[in-house]
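Asks: Please find model-v7.cif (mmCIF, C-alpha atoms and all ligand atoms) on the next line:
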```cif
data_work
loop_
_atom_site.label_atom_id
_atom_site.label_comp_id
_atom_site.auth_asym_id
_atom_site.auth_seq_id
_atom_site.Cartn_x
_atom_site.Cartn_y
_atom_site.Cartn_z
CA MET F 1 54.73 -68.21 111.40
CA THR F 2 51.40 -68.80 109.63
CA VAL F 3 51.61 -69.88 106.03
CA THR F 4 48.69 -68.62 103.91
CA PRO F 5 47.69 -71.21 101.32
CA ALA F 6 47.93 -69.97 97.76
CA THR F 7 44.51 -69.07 96.37
CA THR F 8 45.38 -69.32 92.67
CA ALA F 9 43.35 -71.77 90.55
CA PRO F 10 44.91 -75.19 89.88
CA PRO F 11 46.93 -75.29 86.66
CA PRO F 12 44.86 -76.39 83.66
CA SER F 13 45.18 -80.04 82.76
CA VAL F 14 47.18 -80.85 79.66
CA SER F 15 45.87 -83.57 77.41
CA GLY F 16 48.35 -85.60 75.35
CA HIS F 17 50.24 -84.11 72.44
CA PRO F 18 48.53 -85.38 69.28
CA ASP F 19 50.01 -84.75 65.87
CA VAL F 20 46.74 -83.04 64.92
CA LEU F 21 44.00 -81.25 66.83
CA VAL F 22 40.79 -80.70 64.86
CA ILE F 23 38.58 -77.91 66.17
CA GLY F 24 34.96 -78.63 65.23
CA GLY F 25 33.03 -81.89 64.90
CA GLY F 26 30.68 -81.31 61.97
CA VAL F 27 31.09 -83.60 58.95
CA ILE F 28 34.13 -81.60 57.80
CA GLY F 29 35.98 -81.82 61.12
CA LEU F 30 35.04 -85.47 61.56
CA VAL F 31 36.14 -86.53 58.08
CA THR F 32 39.41 -84.64 58.50
CA ALA F 33 40.06 -86.44 61.80
CA TRP F 34 39.12 -89.85 60.38
CA ARG F 35 41.23 -89.52 57.25
CA ALA F 36 44.21 -88.06 59.16
CA ALA F 37 44.08 -90.97 61.63
CA GLY F 38 43.98 -93.30 58.62
CA ARG F 39 47.33 -91.81 57.54
CA GLY F 40 48.91 -92.86 60.83
CA LEU F 41 48.69 -89.48 62.58
CA THR F 42 47.56 -89.23 66.21
CA VAL F 43 44.44 -87.07 66.25
CA ALA F 44 42.25 -85.29 68.82
CA LEU F 45 39.01 -83.46 68.08
CA ALA F 46 37.34 -80.79 70.20
CA ASP F 47 33.59 -80.17 70.02
CA PRO F 48 30.97 -80.13 72.78
CA ALA F 49 28.45 -81.93 70.54
CA PRO F 50 29.97 -83.59 67.45
CA GLY F 51 27.47 -83.94 64.61
CA GLY F 52 25.54 -80.84 65.69
CA GLY F 53 25.54 -77.40 64.07
CA ALA F 54 24.97 -77.08 60.33
CA THR F 55 25.50 -80.83 59.88
CA TYR F 56 22.41 -81.58 61.96
CA VAL F 57 20.21 -79.24 59.91
CA ALA F 58 21.54 -79.91 56.38
CA ALA F 59 19.41 -81.71 53.80
CA GLY F 60 22.37 -83.56 52.30
CA MET F 61 21.82 -82.88 48.61
CA LEU F 62 24.86 -83.75 46.51
CA ALA F 63 23.91 -81.10 43.99
CA ALA F 64 27.02 -80.32 41.95
CA VAL F 65 24.99 -79.82 38.76
CA THR F 66 21.65 -78.40 39.95
CA GLU F 67 23.34 -75.89 42.30
CA LEU F 68 25.72 -74.60 39.64
CA HIS F 69 26.03 -70.82 39.68
CA TYR F 70 27.63 -68.35 37.27
CA GLY F 71 31.21 -67.57 38.24
CA GLU F 72 31.67 -70.75 40.26
CA GLN F 73 33.34 -72.93 37.62
CA THR F 74 36.39 -73.61 39.77
CA LEU F 75 34.19 -74.70 42.66
CA LEU F 76 32.24 -76.87 40.21
CA GLY F 77 35.46 -78.77 39.51
CA LEU F 78 35.92 -79.61 43.18
CA ASN F 79 32.22 -80.46 43.60
CA LEU F 80 32.38 -82.90 40.69
CA VAL F 81 35.52 -84.57 42.03
CA SER F 82 33.80 -85.09 45.37
CA ALA F 83 30.54 -86.31 43.80
CA ARG F 84 32.48 -88.92 41.83
CA ARG F 85 34.23 -90.11 44.97
CA TYR F 86 30.99 -90.55 46.93
CA PRO F 87 30.22 -94.19 46.06
CA ARG F 88 33.66 -95.41 47.22
CA PHE F 89 33.67 -93.06 50.18
CA ALA F 90 30.25 -94.34 51.30
CA GLU F 91 31.36 -97.94 50.94
CA GLU F 92 34.58 -97.37 52.88
CA LEU F 93 32.90 -95.40 55.66
CA GLU F 94 30.02 -97.85 55.99
CA GLU F 95 32.53 -100.65 56.34
CA ALA F 96 34.67 -98.74 58.87
CA SER F 97 31.68 -97.76 61.00
CA GLY F 98 29.18 -100.57 60.44
CA GLN F 99 26.56 -97.88 59.75
CA ARG F 100 24.67 -96.75 56.64
CA ILE F 101 25.02 -93.10 55.62
CA GLY F 102 21.84 -92.83 53.53
CA TYR F 103 23.73 -92.39 50.26
CA ARG F 104 20.96 -92.67 47.71
CA ARG F 105 21.47 -92.46 43.96
CA CYS F 106 18.08 -90.92 43.35
CA GLY F 107 18.85 -88.07 40.93
CA THR F 108 17.22 -84.63 40.98
CA LEU F 109 14.49 -82.84 39.07
CA ALA F 110 14.63 -79.02 39.05
CA VAL F 111 11.29 -77.58 37.94
CA ALA F 112 9.79 -74.23 36.97
CA LEU F 113 6.37 -73.00 38.12
CA ASP F 114 6.00 -69.91 35.97
CA ALA F 115 7.46 -68.23 32.90
CA ASP F 116 10.17 -66.41 34.89
CA ASP F 117 11.30 -69.63 36.60
CA ARG F 118 11.29 -71.33 33.24
CA ALA F 119 13.52 -68.67 31.70
CA HIS F 120 15.87 -68.94 34.68
CA LEU F 121 16.04 -72.75 34.34
CA ARG F 122 16.68 -72.45 30.61
CA GLU F 123 19.70 -70.27 31.38
CA LEU F 124 20.92 -72.72 33.99
CA HIS F 125 20.52 -75.53 31.46
CA ALA F 126 22.57 -73.62 28.88
CA LEU F 127 25.32 -73.07 31.48
CA GLN F 128 25.27 -76.75 32.42
CA VAL F 129 25.53 -77.80 28.78
CA ARG F 130 28.39 -75.33 28.17
CA SER F 131 30.13 -76.81 31.20
CA GLY F 132 29.84 -80.34 29.78
CA LEU F 133 27.36 -81.50 32.43
CA ASP F 134 24.66 -84.10 32.10
CA SER F 135 21.27 -82.36 32.31
CA GLN F 136 18.15 -82.93 30.24
CA TRP F 137 15.36 -80.41 29.53
CA LEU F 138 11.84 -81.80 30.13
CA THR F 139 8.39 -80.39 29.40
CA GLY F 140 5.93 -79.97 32.27
CA ARG F 141 4.15 -83.12 31.18
CA GLU F 142 7.41 -85.09 31.16
CA CYS F 143 8.20 -83.79 34.67
CA ARG F 144 4.81 -84.97 35.94
CA ARG F 145 5.28 -88.33 34.27
CA LEU F 146 8.43 -88.75 36.37
CA GLU F 147 6.86 -87.38 39.57
CA PRO F 148 3.05 -87.55 39.30
CA ILE F 149 2.54 -85.74 42.63
CA LEU F 150 3.87 -82.46 41.13
CA ALA F 151 1.44 -79.57 40.68
CA PRO F 152 -0.30 -79.43 37.27
CA GLY F 153 1.16 -75.93 36.82
CA VAL F 154 4.77 -77.15 36.50
CA ARG F 155 6.02 -75.59 33.24
CA GLY F 156 9.16 -77.58 32.57
CA GLY F 157 12.29 -78.76 34.29
CA LEU F 158 15.76 -80.22 34.26
CA ARG F 159 16.38 -83.88 34.84
CA VAL F 160 19.80 -84.38 36.44
CA ASP F 161 20.36 -88.05 37.13
CA GLY F 162 23.80 -87.50 38.72
CA ASP F 163 22.79 -85.28 41.67
CA HIS F 164 22.14 -87.64 44.57
CA GLN F 165 21.79 -87.37 48.36
CA ALA F 166 23.30 -88.54 51.65
CA ASP F 167 21.79 -88.25 55.14
CA PRO F 168 24.00 -85.78 57.06
CA ARG F 169 22.93 -87.05 60.50
CA ARG F 170 23.78 -90.62 59.59
CA LEU F 171 26.95 -89.47 57.87
CA ALA F 172 28.08 -87.68 61.05
CA SER F 173 27.19 -90.66 63.24
CA ALA F 174 29.15 -93.03 60.97
CA LEU F 175 32.15 -90.67 60.91
CA LEU F 176 32.07 -90.40 64.69
CA THR F 177 32.16 -94.18 65.08
CA ALA F 178 34.86 -94.52 62.41
CA CYS F 179 36.93 -91.86 64.21
CA GLU F 180 36.56 -93.65 67.55
CA ARG F 181 37.57 -96.95 65.95
CA ALA F 182 40.60 -95.24 64.38
CA GLY F 183 41.74 -93.95 67.78
CA VAL F 184 40.71 -90.29 67.51
CA VAL F 185 40.46 -88.78 71.02
CA PHE F 186 37.32 -86.68 71.54
CA HIS F 187 37.21 -83.65 73.85
CA ARG F 188 33.55 -82.80 74.39
CA SER F 189 34.28 -79.18 75.13
CA ARG F 190 34.37 -75.99 73.07
CA ALA F 191 37.76 -74.72 71.92
CA GLU F 192 38.13 -71.31 73.52
CA ARG F 193 41.53 -70.08 72.37
CA LEU F 194 44.02 -71.03 69.71
CA MET F 195 47.41 -71.46 71.39
CA VAL F 196 50.37 -69.87 69.61
CA ASP F 197 53.97 -70.46 70.67
CA GLY F 198 56.99 -68.93 69.01
CA GLY F 199 54.96 -67.76 66.00
CA ARG F 200 53.38 -71.18 65.45
CA ALA F 201 49.88 -72.53 66.19
CA SER F 202 50.32 -75.12 68.90
CA GLY F 203 46.86 -76.48 69.79
CA ALA F 204 43.98 -75.00 71.75
CA ARG F 205 42.72 -74.27 75.21
CA LEU F 206 39.21 -75.62 75.79
CA ALA F 207 36.29 -74.18 77.75
CA ASP F 208 36.68 -76.89 80.41
CA GLY F 209 40.23 -75.64 81.09
CA THR F 210 42.03 -78.46 79.27
CA ARG F 211 44.96 -77.47 77.09
CA VAL F 212 45.49 -79.66 74.05
CA PRO F 213 48.94 -79.00 72.61
CA ALA F 214 49.27 -80.37 69.08
CA GLY F 215 51.76 -80.45 66.22
CA GLN F 216 49.18 -79.11 63.73
CA THR F 217 45.79 -77.52 64.37
CA VAL F 218 42.85 -77.65 61.96
CA LEU F 219 40.14 -75.02 62.25
CA ALA F 220 36.95 -76.74 61.10
CA ALA F 221 34.37 -74.93 63.19
CA GLY F 222 32.03 -74.00 60.32
CA SER F 223 30.50 -70.53 60.60
CA HIS F 224 32.12 -70.13 64.05
CA SER F 225 35.66 -70.56 62.70
CA GLY F 226 36.54 -66.86 62.85
CA ARG F 227 35.28 -66.47 66.41
CA LEU F 228 37.98 -68.51 68.13
CA ALA F 229 40.18 -66.25 70.27
CA GLY F 230 43.75 -66.16 69.02
CA VAL F 231 42.82 -66.78 65.36
CA PRO F 232 44.84 -64.38 63.16
CA GLU F 233 43.00 -61.18 62.32
CA GLU F 234 43.01 -61.76 58.54
CA LEU F 235 41.05 -65.01 58.98
CA ARG F 236 38.39 -63.69 61.34
CA SER F 237 36.02 -62.28 58.74
CA LEU F 238 36.50 -64.89 56.01
CA VAL F 239 33.60 -67.05 57.19
CA ARG F 240 30.15 -65.65 57.93
CA PRO F 241 26.92 -67.34 59.08
CA VAL F 242 24.09 -67.75 56.54
CA LYS F 243 20.97 -69.00 58.27
CA GLY F 244 18.87 -71.78 56.79
CA GLN F 245 15.52 -72.96 58.18
CA VAL F 246 14.54 -76.51 57.30
CA LEU F 247 11.45 -78.68 57.91
CA ARG F 248 11.15 -82.43 58.23
CA LEU F 249 7.90 -84.14 57.26
CA ARG F 250 6.95 -87.81 57.34
CA LEU F 251 6.22 -89.52 54.03
CA PRO F 252 3.20 -91.80 53.80
CA ASP F 253 3.80 -95.55 53.81
CA VAL F 254 3.16 -96.94 50.36
CA PRO F 255 2.28 -100.57 49.69
CA PRO F 256 5.09 -102.58 48.03
CA GLY F 257 5.11 -102.05 44.28
CA SER F 258 3.23 -98.72 44.46
CA PRO F 259 4.96 -95.52 43.36
CA ALA F 260 6.69 -93.46 46.06
CA PHE F 261 5.29 -90.03 47.03
CA LEU F 262 8.47 -88.59 45.44
CA SER F 263 11.18 -90.79 43.98
CA ARG F 264 13.93 -88.18 43.62
CA THR F 265 14.94 -84.78 44.99
CA VAL F 266 12.74 -82.05 43.55
CA ARG F 267 13.80 -78.45 43.58
CA ALA F 268 12.58 -75.12 42.29
CA VAL F 269 13.04 -71.41 42.68
CA VAL F 270 9.70 -70.01 43.85
CA ARG F 271 9.36 -66.20 43.81
CA GLY F 272 13.15 -66.01 43.87
CA ASN F 273 13.51 -68.37 46.85
CA PRO F 274 15.31 -71.68 46.30
CA LEU F 275 13.23 -74.60 47.54
CA TYR F 276 13.98 -78.30 47.69
CA LEU F 277 12.24 -81.47 48.77
CA VAL F 278 14.51 -84.39 49.59
CA PRO F 279 12.80 -87.76 50.12
CA ARG F 280 14.85 -90.11 52.27
CA GLU F 281 14.94 -93.87 52.40
CA ASN F 282 13.90 -93.72 56.06
CA GLY F 283 10.55 -92.06 55.25
CA GLU F 284 11.64 -88.50 56.01
CA LEU F 285 10.95 -85.65 53.59
CA VAL F 286 13.30 -82.71 54.12
CA VAL F 287 11.97 -79.34 52.94
CA GLY F 288 14.45 -76.48 52.78
CA ALA F 289 15.71 -73.94 52.98
CA THR F 290 15.61 -70.27 53.77
CA SER F 291 18.77 -68.24 53.20
CA GLU F 292 19.09 -65.36 55.65
CA GLU F 293 22.01 -63.11 56.58
CA LEU F 294 21.07 -62.45 60.20
CA GLY F 295 24.28 -63.03 62.11
CA TRP F 296 24.16 -65.74 64.75
CA ASP F 297 20.38 -65.98 65.00
CA THR F 298 19.08 -69.57 64.77
CA THR F 299 15.43 -68.93 65.64
CA VAL F 300 12.88 -70.93 63.70
CA THR F 301 10.37 -68.26 62.72
CA ALA F 302 6.69 -68.49 61.84
CA GLY F 303 7.49 -66.56 58.66
CA GLY F 304 10.24 -68.98 57.63
CA VAL F 305 8.06 -72.03 58.19
CA TYR F 306 5.11 -70.34 56.44
CA GLU F 307 7.17 -69.49 53.35
CA LEU F 308 8.66 -72.96 53.07
CA LEU F 309 5.26 -74.64 53.37
CA ARG F 310 3.56 -72.12 51.05
CA ASP F 311 6.18 -72.63 48.34
CA ALA F 312 6.34 -76.39 48.83
CA HIS F 313 2.54 -76.52 48.56
CA GLU F 314 2.69 -74.72 45.22
CA LEU F 315 5.13 -77.33 43.98
CA VAL F 316 3.51 -80.41 45.54
CA PRO F 317 -0.04 -79.63 46.75
CA GLY F 318 -0.30 -82.98 48.59
CA ILE F 319 2.40 -81.91 51.01
CA THR F 320 -0.07 -80.34 53.43
CA GLU F 321 -1.43 -83.81 54.28
CA LEU F 322 1.92 -84.98 55.66
CA PRO F 323 2.83 -84.89 59.37
CA LEU F 324 5.28 -82.10 60.20
CA VAL F 325 7.79 -83.68 62.58
CA GLU F 326 10.58 -81.14 62.97
CA SER F 327 11.64 -77.60 62.21
CA CYS F 328 15.18 -76.40 62.79
CA ALA F 329 17.63 -73.72 61.72
CA GLY F 330 21.38 -73.83 61.17
CA LEU F 331 24.17 -71.58 59.97
CA ARG F 332 25.95 -72.30 56.71
CA PRO F 333 29.60 -71.23 56.75
CA GLY F 334 29.62 -68.69 53.91
CA SER F 335 32.92 -67.54 52.39
CA PRO F 336 33.64 -64.50 50.16
CA ASP F 337 33.53 -66.61 46.96
CA ASN F 338 31.17 -69.38 48.19
CA ALA F 339 34.03 -71.88 48.00
CA PRO F 340 35.73 -73.65 50.92
CA LEU F 341 38.98 -72.68 52.61
CA LEU F 342 41.27 -75.70 52.61
CA GLY F 343 44.83 -76.11 53.82
CA PRO F 344 47.54 -74.00 55.42
CA ALA F 345 46.95 -70.57 56.87
CA GLU F 346 49.73 -68.03 56.94
CA LEU F 347 50.35 -68.85 60.62
CA PRO F 348 52.57 -71.97 60.60
CA GLY F 349 50.94 -75.03 62.15
CA LEU F 350 47.40 -73.78 61.42
CA HIS F 351 45.16 -75.25 58.70
CA LEU F 352 41.64 -74.36 57.65
CA ALA F 353 38.85 -76.71 56.61
CA THR F 354 35.86 -74.42 56.63
CA GLY F 355 33.72 -72.07 54.50
CA HIS F 356 31.93 -74.91 52.67
CA PHE F 357 28.75 -72.80 52.51
CA ARG F 358 26.09 -74.81 50.58
CA ASN F 359 28.30 -77.79 49.81
CA GLY F 360 29.57 -79.24 53.08
CA VAL F 361 28.00 -82.68 52.70
CA LEU F 362 28.92 -82.89 49.00
CA LEU F 363 32.53 -81.85 49.69
CA THR F 364 33.04 -84.20 52.65
CA PRO F 365 34.95 -86.93 50.73
CA VAL F 366 37.33 -84.61 48.89
CA THR F 367 37.91 -82.44 51.98
CA GLY F 368 38.86 -85.43 54.13
CA GLU F 369 41.36 -86.65 51.57
CA ALA F 370 42.85 -83.22 50.87
CA MET F 371 43.25 -82.38 54.55
CA ALA F 372 44.78 -85.75 55.42
CA GLU F 373 47.24 -85.35 52.55
CA VAL F 374 48.38 -81.88 53.58
CA LEU F 375 48.61 -82.88 57.24
CA ALA F 376 50.61 -86.01 56.45
CA THR F 377 52.86 -84.68 53.68
CA GLY F 378 52.70 -80.88 53.81
CA SER F 379 51.34 -80.78 50.27
CA LEU F 380 47.74 -80.33 49.08
CA PRO F 381 46.44 -82.50 46.24
CA GLU F 382 46.04 -80.66 42.98
CA GLU F 383 42.25 -80.43 43.09
CA ALA F 384 42.36 -78.58 46.43
CA ARG F 385 45.08 -76.07 45.57
CA PRO F 386 42.78 -73.31 44.25
CA PHE F 387 41.03 -73.28 47.62
CA THR F 388 43.78 -72.37 50.10
CA PRO F 389 43.08 -69.38 52.36
CA ALA F 390 46.02 -67.71 50.58
CA ARG F 391 43.69 -66.75 47.71
CA PHE F 392 42.39 -63.96 49.96
CA SER F 393 45.86 -62.82 50.96
CA PRO F 394 47.43 -59.80 49.23
CA THR F 395 50.43 -62.01 48.34
CA PRO F 396 48.95 -65.44 47.54
CA GLU F 397 52.15 -66.80 45.92
CA ARG F 398 53.76 -66.99 49.33
CA LEU F 399 51.62 -69.96 50.32
CA GLY F 400 51.34 -71.49 46.91
CA GLY F 401 47.68 -70.50 46.64
CA THR F 402 46.00 -69.75 43.35
CA PRO F 403 43.31 -67.09 43.26
CA VAL F 404 39.89 -68.50 42.34
CA THR F 405 39.28 -67.87 38.65
CA ALA F 406 37.37 -64.82 37.58
CA PRO F 407 33.75 -65.61 36.64
CA GLY F 408 33.48 -67.97 33.70
CA THR F 409 37.06 -67.62 32.49
CA GLU F 410 38.38 -71.08 33.13
CA ARG F 411 37.35 -74.54 32.12
CA PRO F 412 38.80 -76.68 34.93
CA ARG F 413 40.71 -79.81 34.01
CA PHE F 414 38.30 -81.88 36.13
CA LEU F 415 35.58 -81.24 33.55
CA GLU F 416 37.64 -83.15 31.05
CA GLU F 417 37.29 -86.24 33.24
CA GLN F 418 34.28 -88.49 32.95
CA SER F 419 31.06 -86.72 33.97
CA VAL F 420 29.16 -87.53 37.19
N1 LIG G 501 22.76 -76.86 49.65
C1 LIG G 501 21.52 -76.51 50.16
C2 LIG G 501 21.48 -75.36 51.06
O1 LIG G 501 22.50 -74.83 51.43
O2 LIG G 501 20.40 -74.94 51.42
#
```
Show me the file's structure as structure tokens.
Ligand code: GLY

Replies:
Amino acid sequence: MTVTPATTAPPPSVSGHPDVLVIGGGVIGLVTAWRAAGRGLTVALADPAPGGGATYVAAGMLAAVTELHYGEQTLLGLNLVSARRYPRFAEELEEASGQRIGYRRCGTLAVALDADDRAHLRELHALQVRSGLDSQWLTGRECRRLEPILAPGVRGGLRVDGDHQADPRRLASALLTACERAGVVFHRSRAERLMVDGGRASGARLADGTRVPAGQTVLAAGSHSGRLAGVPEELRSLVRPVKGQVLRLRLPDVPPGSPAFLSRTVRAVVRGNPLYLVPRENGELVVGATSEELGWDTTVTAGGVYELLRDAHELVPGITELPLVESCAGLRPGSPDNAPLLGPAELPGLHLATGHFRNGVLLTPVTGEAMAEVLATGSLPEEARPFTPARFSPTPERLGGTPVTAPGTERPRFLEEQSV
């Protein structure tokens, strides 16, 4: 009798059984993995290219005060907590990785170019003052005294000495090294399907066929978080992509003792478009960013580059002399209320660390600590509790979530703490 060999594919390989599988290797996934490993949990992380995605494009402004928006007072509380933790976080991470993360206490100047911008900045200033934040109104002349390269037409501005910067690419590289040193296992493959067993998330199957069963699974895939097969329906539309195009220019070398081209982050709203220029220690000047709701498109367009350079030229005419070294586009993970989704989903065993929208780099320290705490103890720290995914559920009490406060109705306790 002839035996026909079976033609079915070999069974997928199974990799370990970590306590935690993190899906996504941007700064949020990496910090979650690093902090969870620091709590004694065994951790694996799946991402084909850790440090890519929105992390690779981001400018890295830590702009809790200058990016304050009406109705986002609860988010402001979390942003301030994270901003305050940055110095210690940077020190700890730099020690763990042996790498610098470009944390620079440079402050920010937000300027106005015309009467409309000026009125808008005045309103922002009033909101900042009402919120107990440190922000000083300057005349155009005072702005130019601080940054002489600014256009003569600058009409006034806000000096915010507490809004600093970090370099997202260096931050990701340092987190990657710190994770490796802490024993995090990396799977350089895309998570394809969330595995669910007996009504509980139980890891993921990867595009290379590997199955990674895990005690707890963290979805930290930025704007792609809702696209993972097997993710519960109610979570699929919570995160949407918001495209940002960003340019990188090279700053001129200045002789020692001479003033820098720009000494701090400068930002403005030009014709309704937010614009920022972030000068880095390493000689890079980041110019960003467009904000476009175009689905998954990450094309760098002539129009996007033109608008950024046109607006930046109005703010700093000398910018056109600088070498343009890079243009790129990424997708911010937008959420319905612009605030992150942190902690347990309704599906047992599944956690979210996504939806950080414009604040991923700023919220990296507080997210890592909050996620490690909930993974290790089952309980979120107080500052993270308003941000559980349960706030979008019809019955938020079930998961202990608190709906995000209605616009302007709450003064968060964090504001009573020392200001940034
Ligand atoms: N936080 C800056 C941006 O999202 O463009």

Asks: Return the single residue from F:Gly295, F:Pro252, F:Gly355, F:Gly318 that is closest to Ala151 in chain F, with distances computed using all atoms listed in the file.

Replies: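 For Ala151 in chain F, the nearest of the candidates is F:Gly318.
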
Asks: Which residues of chain F come within 10 Å of ligand LIG 501 (chain G), and for each one, what is the closest pair of atoms and their distance in Å to one decimal, counting only C-alpha atoms and all ligand atoms, sorted by chain and residue number, as a Markdown table?

Replies:
```
| residue | atom | partner | partner_atom | distance |
| --- | --- | --- | --- | --- |
| F:Ala54 | CA | G:LIG501 | O1 | 9.5 |
| F:Val57 | CA | G:LIG501 | O2 | 9.5 |
| F:Ala58 | CA | G:LIG501 | C2 | 7.0 |
| F:Ala59 | CA | G:LIG501 | C1 | 6.7 |
| F:Gly60 | CA | G:LIG501 | N1 | 7.2 |
| F:Met61 | CA | G:LIG501 | N1 | 6.2 |
| F:Leu62 | CA | G:LIG501 | N1 | 7.9 |
| F:Ala63 | CA | G:LIG501 | N1 | 7.2 |
| F:Ala64 | CA | G:LIG501 | N1 | 9.5 |
| F:Thr66 | CA | G:LIG501 | N1 | 9.9 |
| F:Glu67 | CA | G:LIG501 | N1 | 7.4 |
| F:Val242 | CA | G:LIG501 | O1 | 8.9 |
| F:Lys243 | CA | G:LIG501 | O2 | 9.1 |
| F:Gly244 | CA | G:LIG501 | O2 | 6.4 |
| F:Gln245 | CA | G:LIG501 | O2 | 8.6 |
| F:Val246 | CA | G:LIG501 | O2 | 8.4 |
| F:Pro274 | CA | G:LIG501 | O2 | 7.9 |
| F:Leu275 | CA | G:LIG501 | O2 | 8.2 |
| F:Tyr276 | CA | G:LIG501 | C1 | 8.1 |
| F:Val287 | CA | G:LIG501 | O2 | 9.6 |
| F:Gly288 | CA | G:LIG501 | O2 | 6.3 |
| F:Ala289 | CA | G:LIG501 | O2 | 5.0 |
| F:Thr290 | CA | G:LIG501 | O2 | 7.1 |
| F:Ser291 | CA | G:LIG501 | O2 | 7.1 |
| F:Gly330 | CA | G:LIG501 | O1 | 9.9 |
| F:Leu331 | CA | G:LIG501 | O1 | 9.3 |
| F:Arg332 | CA | G:LIG501 | O1 | 6.8 |
| F:Pro333 | CA | G:LIG501 | O1 | 9.6 |
| F:Gly334 | CA | G:LIG501 | O1 | 9.7 |
| F:His356 | CA | G:LIG501 | O1 | 9.5 |
| F:Phe357 | CA | G:LIG501 | O1 | 6.7 |
| F:Arg358 | CA | G:LIG501 | O1 | 3.7 |
| F:Asn359 | CA | G:LIG501 | N1 | 5.6 |
| F:Gly360 | CA | G:LIG501 | N1 | 8.0 |
| F:Val361 | CA | G:LIG501 | N1 | 8.4 |
| F:Leu362 | CA | G:LIG501 | N1 | 8.6 |
```

Asks: Could the residues in this selection be written to a file with C-alpha atoms, as a PDB file, in the frame of the given file?

Replies:
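Okay, this is what ended up in part-v3.pdb:
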```
ATOM      1  CA  ALA F  54      24.970 -77.080  60.330  1.00  0.00           C
ATOM      2  CA  VAL F  57      20.210 -79.240  59.910  1.00  0.00           C
ATOM      3  CA  ALA F  58      21.540 -79.910  56.380  1.00  0.00           C
ATOM      4  CA  ALA F  59      19.410 -81.710  53.800  1.00  0.00           C
ATOM      5  CA  GLY F  60      22.370 -83.560  52.300  1.00  0.00           C
ATOM      6  CA  MET F  61      21.820 -82.880  48.610  1.00  0.00           C
ATOM      7  CA  LEU F  62      24.860 -83.750  46.510  1.00  0.00           C
ATOM      8  CA  ALA F  63      23.910 -81.100  43.990  1.00  0.00           C
ATOM      9  CA  ALA F  64      27.020 -80.320  41.950  1.00  0.00           C
ATOM     10  CA  THR F  66      21.650 -78.400  39.950  1.00  0.00           C
ATOM     11  CA  GLU F  67      23.340 -75.890  42.300  1.00  0.00           C
ATOM     12  CA  VAL F 242      24.090 -67.750  56.540  1.00  0.00           C
ATOM     13  CA  LYS F 243      20.970 -69.000  58.270  1.00  0.00           C
ATOM     14  CA  GLY F 244      18.870 -71.780  56.790  1.00  0.00           C
ATOM     15  CA  GLN F 245      15.520 -72.960  58.180  1.00  0.00           C
ATOM     16  CA  VAL F 246      14.540 -76.510  57.300  1.00  0.00           C
ATOM     17  CA  PRO F 274      15.310 -71.680  46.300  1.00  0.00           C
ATOM     18  CA  LEU F 275      13.230 -74.600  47.540  1.00  0.00           C
ATOM     19  CA  TYR F 276      13.980 -78.300  47.690  1.00  0.00           C
ATOM     20  CA  VAL F 287      11.970 -79.340  52.940  1.00  0.00           C
ATOM     21  CA  GLY F 288      14.450 -76.480  52.780  1.00  0.00           C
ATOM     22  CA  ALA F 289      15.710 -73.940  52.980  1.00  0.00           C
ATOM     23  CA  THR F 290      15.610 -70.270  53.770  1.00  0.00           C
ATOM     24  CA  SER F 291      18.770 -68.240  53.200  1.00  0.00           C
ATOM     25  CA  GLY F 330      21.380 -73.830  61.170  1.00  0.00           C
ATOM     26  CA  LEU F 331      24.170 -71.580  59.970  1.00  0.00           C
ATOM     27  CA  ARG F 332      25.950 -72.300  56.710  1.00  0.00           C
ATOM     28  CA  PRO F 333      29.600 -71.230  56.750  1.00  0.00           C
ATOM     29  CA  GLY F 334      29.620 -68.690  53.910  1.00  0.00           C
ATOM     30  CA  HIS F 356      31.930 -74.910  52.670  1.00  0.00           C
ATOM     31  CA  PHE F 357      28.750 -72.800  52.510  1.00  0.00           C
ATOM     32  CA  ARG F 358      26.090 -74.810  50.580  1.00  0.00           C
ATOM     33  CA  ASN F 359      28.300 -77.790  49.810  1.00  0.00           C
ATOM     34  CA  GLY F 360      29.570 -79.240  53.080  1.00  0.00           C
ATOM     35  CA  VAL F 361      28.000 -82.680  52.700  1.00  0.00           C
ATOM     36  CA  LEU F 362      28.920 -82.890  49.000  1.00  0.00           C
TER      37      LEU F 362
END
```

Asks: Can you tell me, as AutoDock Vina command-line options, the centre and edge lengths (Å, one decimal) of the axis-aligned box enclosing all of range 146-153 of chain F's listed atoms after padding each side by 4 Å?

Replies:
```
--center_x 4.1 --center_y -82.3 --center_z 39.5 --size_x 16.7 --size_y 20.8 --size_z 14.3
```

Asks: Pick from F:Ala172, F:Ala112, F:Arg130, F:His120: nearest to Cys143 in chain F, with all atoms listed in the file counted?

Replies: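 Of the candidates, the smallest distance to Cys143 in chain F is held by F:Ala112.
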
Asks: In Å, with one decimal, what is the gap from CA of Val14 in chain F to CA of Pro348 in chain F?

Replies: 21.7 Å

Asks: Measuring between all atoms listed in the file, which one of F:Gly283, F:Pro365, F:Pro259, F:Pro323 shows the shortest distance to Ile149 in chain F?

Replies: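 Using all atoms listed in the file, Ile149 in chain F sits closest to F:Pro259.
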
Asks: Quick one: everything within 12 Å of Leu68 in chain F, counting all atoms listed in the file, minus sequence neighbours fewer than 5 positions away in the same chain. Send it as a list in words.

Replies: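 The neighbour list is Leu62, Ala63, Gln73, Thr74, Leu75, Leu76, Gly77, Leu78, Asn79, Leu80, Ala110, Leu121, Glu123, Leu124, His125, Ala126, Leu127, Gln128, Val129, Arg130, Ser131, Leu133, Ser135, Val160, Asp163, Asn338, Arg358, Asn359 and Gly408 of chain F.
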